[in-house]
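Student: Sharing a structure, written as structure tokens. Questions coming.
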Amino acid sequence: MEIVDARARLRRPFVIGRAYLDAARHLVPLVAPATVVFLPLALIAALALLPLLSGSAVVRNDELEIYGAEPRHLLVWSAAVLVVFTVAQAVVFPATVVIAAGLQAGGPPVPARRALRAALRRLPSMLLLVVLAVPVFALVVAAGYGALLVTGSLVPAVFVFVGLALFTMPALLAVPAIVLEGRSALVAVGRGYDLVIGHSPSSTLTLACGVYVIPGVVSQALDVAMAGLHGPALMYASGLAGGVLALAGTAFQASVVTRQFLHRLALRPDPVSAEEFDRILAGLPEVGPRRGVRFPLVLPALVLPGLVYGGVATANPFGWLETSETDVTAAWRDSFEAGIGAPQLRRGDLRALYPGPGPGTGMVALVYGGFQKPSAMFACADRTCRRARLRYAEAGPDQDLGVDAVGAALPDGRLVLTSWTWHRGEWDSWESLGLLICDQERCIPPRDGSPLIPRHDFARGMSLALTTRPGGGLVVATADQVEIGRGRRRYDDVISLVSCADSGCSRPVTREVARVPSGGFAPEPQTLSVVVGADDRPVVARMDSRTGEVHMVSCEDSTCARPHVSRPVAPQTIEPTEHSPRHAVAVAVRPDGRPVLAYQDIRDSAVKYVDCRTRDCAQHVTVTLSGESYAPPVPVIDRAGRVLVAYQDADRPYVMLATCADGHCSRTAVTGMRNGPGDCLAMTLDRAGRPVIVWTDDNGSYFSDSKWSLMATTPLNLAP
């Protein structure tokens, strides 16, 4: 009588709805196998991951991320976790099927330990089923991808993929055939197709929707629901959602597979159906005394992983690096969509970053205008840079801010920029170099300012660098190429310093400080760098864009009356190519007067750091920080006298921060790039002494800005 009633009940239509209702009604016993197996494995996997996260985990905006870990170690860990959890699922899923079969047949739930014991006895057949499923799945994906390559259209590729995937759905019924009927893997697959083939396609659609489509939709809906959450709320919500889906999802999926299997059996002819049901019920483990996992134990199991995950990310008990990160351009795009207007900032425009004028302000940045476009600045209201304004500088009709203007930040937050002014005589024309003082609205020449270079015939042939003095005033470095002997095609680089006692440069004093060999090249941006140390002594670094050779000019006093020239980077022999590698150099000076360099190697754009042991850098140590980098590295000296170097690791790709001392550098991955490495990176210290890195996240397409973003990242607890 019980078998007849069970068959009559299981013949009813709407398998998915009835299976989901059964799973919701009996959720506690159905999630017991997953709770018993997955939670200890998850704990073991997390403990095994902790050593790999040392120096690699970053809490970004209160969310846990992994950057900079050794890929080989993570790959081994991921492969091991995948194998272990696959084997565990080959036990948990059939054990859940056993419990679901007993419940759907009208009996009491089978205890989890007995269901797991029954599943373990069928583990070899389940593992063989898994081994068979892997190449089948690979073939389905390959067929869909092949259709995309052949047709060039996504629609036929989707049809091919979905059609083949639906054809594999009856193989899911092999799981109950193995664990309930004791069949081998290959025979069980045949059993699944035998129950479905020749009947209406509803069985295939039921399996596809109940096992894959509906759980996928639920997962996506949860992602959408959590899209507005940030920080600890997002960590707790994502952890809770992930834990519940991992445990409860198996219960609902197994319930659908079991119900569909029993439903197809119930629809078979009565004598055959009754005999098959009798064998299945007789083969179920005995119920015995009920000592299963009860609700008070299951509820903590469902929420504990999420609570632990959110708590670890929020409390940060392991002292992982914490960062604040903002997509600066996201606010601009929102303004544009609201009709306010968007700035025309391009991916290669960022040149330098400076701290804001006061403790409550953020940063100001120099933006290169380029051809027929003036340079500009943007300012952030605070260190998060969530409120940023961009204004292009308006200059006079004859002032050219598009010739790779260089600048520096004044104490009041304004920028001082170099500017070439055209002069047209009766028979010739020339340019003079002056300054402009820029706020967020306009640029005007300084009052009582004088030309830094009264006359120059070809402004684009001169490299410039600009910095401020500790006690006020400016220093402008220039590098001009001159030919040695007519027709010999030999050149020298003439390096000069223009010293100004005030920010307006009312009385500039020019001094030639070095003449170094040159490969004969058109000047390129960021191959000349100047800085003034705390002792008011200027230091200049110059890179030859043909050979990668770097000369350093150090001064014994503020006027640089006795300069010293050294060559910390020797010339390189490179093969001529259509596009030369990216190259740049930047200099900084430590409190004791010893300079440091960060540069891109002319051969492969690798990032290297030069630690000068003496003031003139005649003795030095070179450290390679990374391979190819699209953006130039930036060195900064923090308040503790440490050397911080921000750079890209384009291979990973990460934004890195190196802390260097005594010729050694420790590297920390600060953040990861979502789309790819951009060609801009700048760094400064905010008013609290923390490094602020502004960088571009790029999709690599110069003609499409759809995935280009300007990011601002601040490490909040950088270790001393």
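Convention: chains lettered A, B, ... in structure tokens order; per-chain residue numbering from 1; ligands numbered from 1 as shown.
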Within 7 Å of segment 498-514 of chain A, counting only C-alpha atoms, which residues qualify if same-chain residues fewer than 6 places away don't, as a list in words?

Tutor: Pro446, Arg447, Asp448, Gly449, Ser450, Leu452, Gly472, Gly473, Leu474, Val475, Val476, Ala477 and Pro563 of chain A

Student: Go ahead and save the picked residues with C-alpha atoms, as a short mmCIF file (atom, residue, chain, number, x, y, z; two decimals), in the first residue's frame.

Tutor:
```
data_model
loop_
_atom_site.label_atom_id
_atom_site.label_comp_id
_atom_site.auth_asym_id
_atom_site.auth_seq_id
_atom_site.Cartn_x
_atom_site.Cartn_y
_atom_site.Cartn_z
CA PRO A 446 52.87 85.51 -12.37
CA ARG A 447 53.07 89.15 -11.43
CA ASP A 448 56.55 90.57 -12.13
CA GLY A 449 57.55 87.27 -13.75
CA SER A 450 60.42 87.20 -16.23
CA LEU A 452 63.13 81.75 -18.03
CA GLY A 472 60.26 78.70 -1.40
CA GLY A 473 61.17 79.37 -4.98
CA LEU A 474 61.55 77.12 -8.00
CA VAL A 475 64.18 75.23 -9.96
CA VAL A 476 63.66 74.48 -13.65
CA ALA A 477 65.92 71.94 -15.35
CA PRO A 563 78.28 70.13 -10.16
#
```

Student: For segment 207-212 of chain A, work out the shell of residues within 12 Å, counting only C-alpha atoms and skipping chain neighbours fewer than 4 positions away, then give it as a PyMOL selection string.

Tutor: chain A and resi 14-20+162-173+192+196+201-203+216-219+249-261

Student: Between A:His583, A:Arg7, A:Gly311, A:Gly471, which one has atoms that come closest to Ala274 of chain A, using only C-alpha atoms?

Tutor: A:Arg7

Student: Show which residues sit within 10 Å of Asp697 of chain A, as a CSV table (one decimal) with N, CA and C atoms, in the first residue's frame. Count only C-alpha atoms, and ignore same-chain residues fewer than 6 positions away.

Tutor:
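Output contents, as saved in around-v9.csv:
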```csv
chain,number,residue,atom,x,y,z
A,327,ASP,N,37.2,54.9,-7.9
A,327,ASP,CA,37.1,55.1,-9.4
A,327,ASP,C,36.8,56.6,-9.6
A,347,ARG,N,43.5,58.7,-21.6
A,347,ARG,CA,44.3,57.7,-20.8
A,347,ARG,C,45.7,58.1,-20.6
A,655,VAL,N,49.2,46.9,-9.3
A,655,VAL,CA,49.9,48.1,-8.9
A,655,VAL,C,50.7,47.8,-7.7
A,672,GLY,N,44.8,45.4,-7.8
A,672,GLY,CA,44.8,44.7,-9.0
A,672,GLY,C,44.1,45.5,-10.1
A,673,MET,N,44.5,45.3,-11.3
A,673,MET,CA,43.8,46.0,-12.5
A,673,MET,C,42.7,45.1,-13.0
A,674,ARG,N,41.5,45.7,-13.2
A,674,ARG,CA,40.4,44.9,-13.7
A,674,ARG,C,40.5,44.6,-15.1
A,675,ASN,N,40.9,45.7,-15.9
A,675,ASN,CA,40.9,45.5,-17.4
A,675,ASN,C,42.3,45.3,-17.9
A,676,GLY,N,43.3,46.0,-17.4
A,676,GLY,CA,44.7,45.9,-17.9
A,676,GLY,C,45.5,47.0,-17.5
A,677,PRO,N,46.8,47.0,-17.7
A,677,PRO,CA,47.7,48.0,-17.3
A,677,PRO,C,47.6,49.3,-18.2
A,678,GLY,N,47.4,50.4,-17.6
A,678,GLY,CA,47.4,51.7,-18.4
A,678,GLY,C,48.8,52.3,-18.4
A,679,ASP,N,48.9,53.4,-19.1
A,679,ASP,CA,50.2,54.0,-19.2
A,679,ASP,C,50.4,55.2,-18.3
A,680,CYS,N,49.6,55.4,-17.3
A,680,CYS,CA,49.8,56.5,-16.4
A,680,CYS,C,49.8,56.0,-14.9
A,681,LEU,N,50.7,56.6,-14.2
A,681,LEU,CA,50.8,56.3,-12.7
A,681,LEU,C,51.5,57.5,-12.1
A,707,LYS,N,36.2,51.0,-21.2
A,707,LYS,CA,36.7,50.4,-20.0
A,707,LYS,C,37.9,51.1,-19.4
A,708,TRP,N,38.1,52.3,-19.7
A,708,TRP,CA,39.2,53.1,-19.1
A,708,TRP,C,38.7,53.8,-17.9
A,709,SER,N,39.5,53.7,-16.8
A,709,SER,CA,39.2,54.4,-15.6
A,709,SER,C,40.4,54.9,-14.9
A,710,LEU,N,40.2,56.1,-14.3
A,710,LEU,CA,41.3,56.7,-13.4
A,710,LEU,C,41.0,56.3,-12.0
A,711,MET,N,41.9,55.6,-11.4
A,711,MET,CA,41.8,55.1,-10.0
A,711,MET,C,42.7,55.8,-9.0
```

Student: Calculate how many Å separate atom CA of Ser78 of chain A from atom CA of Pro715 of chain A, rounding to one decimal.

Tutor: 27.8 Å

Student: Taking only C-alpha atoms into account, name the residue in A:Pro176, A:Arg615, A:Val98, A:Leu139 that is nearest to Ser125 of chain A.

Tutor: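 When distances to Ser125 of chain A are compared using only C-alpha atoms, the smallest one comes from A:Pro176.
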
Student: Mind pulling up the distance from atom CA of Val550 of chain A to atom CA of Gly641 of chain A?

Tutor: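 Between these atoms lies a distance of 24.3 Å.
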
Student: Please measure the separation of atom CA of Ala90 of chain A and atom CA of Leu123 of chain A, giving the value in Å to one decimal.

Tutor: 6.8 Å

Student: Contacts of Gly182 of chain A at 12 Å or less, counting only C-alpha atoms, minus same-chain residues fewer than 5 places along, as a PyMOL selection string?

Tutor: chain A and resi 94+98+118-119+121-126+174-177+187-188+191+279-280+283-284

Student: Would you return as a ChimeraX atom specification the members of segment 446-676 of chain A that DSSP assigns to strand (DSSP E or B) on this structure's backbone?

Tutor: /A:453-456,462-468,474-483,491-500,509-518,528-532,538-543,550-555,563-569,585-589,595-600,606-612,620-628,634-637,643-649,654-661,664-672

Student: Excluding Leu262 of chain A and any residue of its chain fewer than 5 positions from it, enumerate the residues within 9 Å of it, using only C-alpha atoms, and give them as JSON, numbers by chain.

Tutor: {"A": [7, 10, 11, 101, 104, 105, 176, 257, 267, 277]}

Student: From the options A:Ala561, A:His620, A:Met552, A:Gly593, which residue's atoms come nearest to Asp535 of chain A, counting only C-alpha atoms?

Tutor: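 Among the listed residues, A:Gly593 lies closest to Asp535 of chain A.
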
Student: Let me make sure I understand: among A:Ile602, A:Pro33, A:Ala282, A:Ala618, which one has the smallest atom-to-atom distance to Ala100 of chain A if we use only C-alpha atoms?

Tutor: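 Under the stated criterion, the closest residue is A:Pro33.
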
Student: I'd like to know which of A:Trp77, A:Glu181, A:Val308, A:Gln600 is closest to Glu276 of chain A, using only C-alpha atoms.

Tutor: A:Glu181

Student: Write out as an MDAnalysis selection string the residues lying within 12 Å of Arg424 of chain A, counting only C-alpha atoms and excluding same-chain residues fewer than 6 positions away.

Tutor: chainID A and resid 398 430:432 455 457
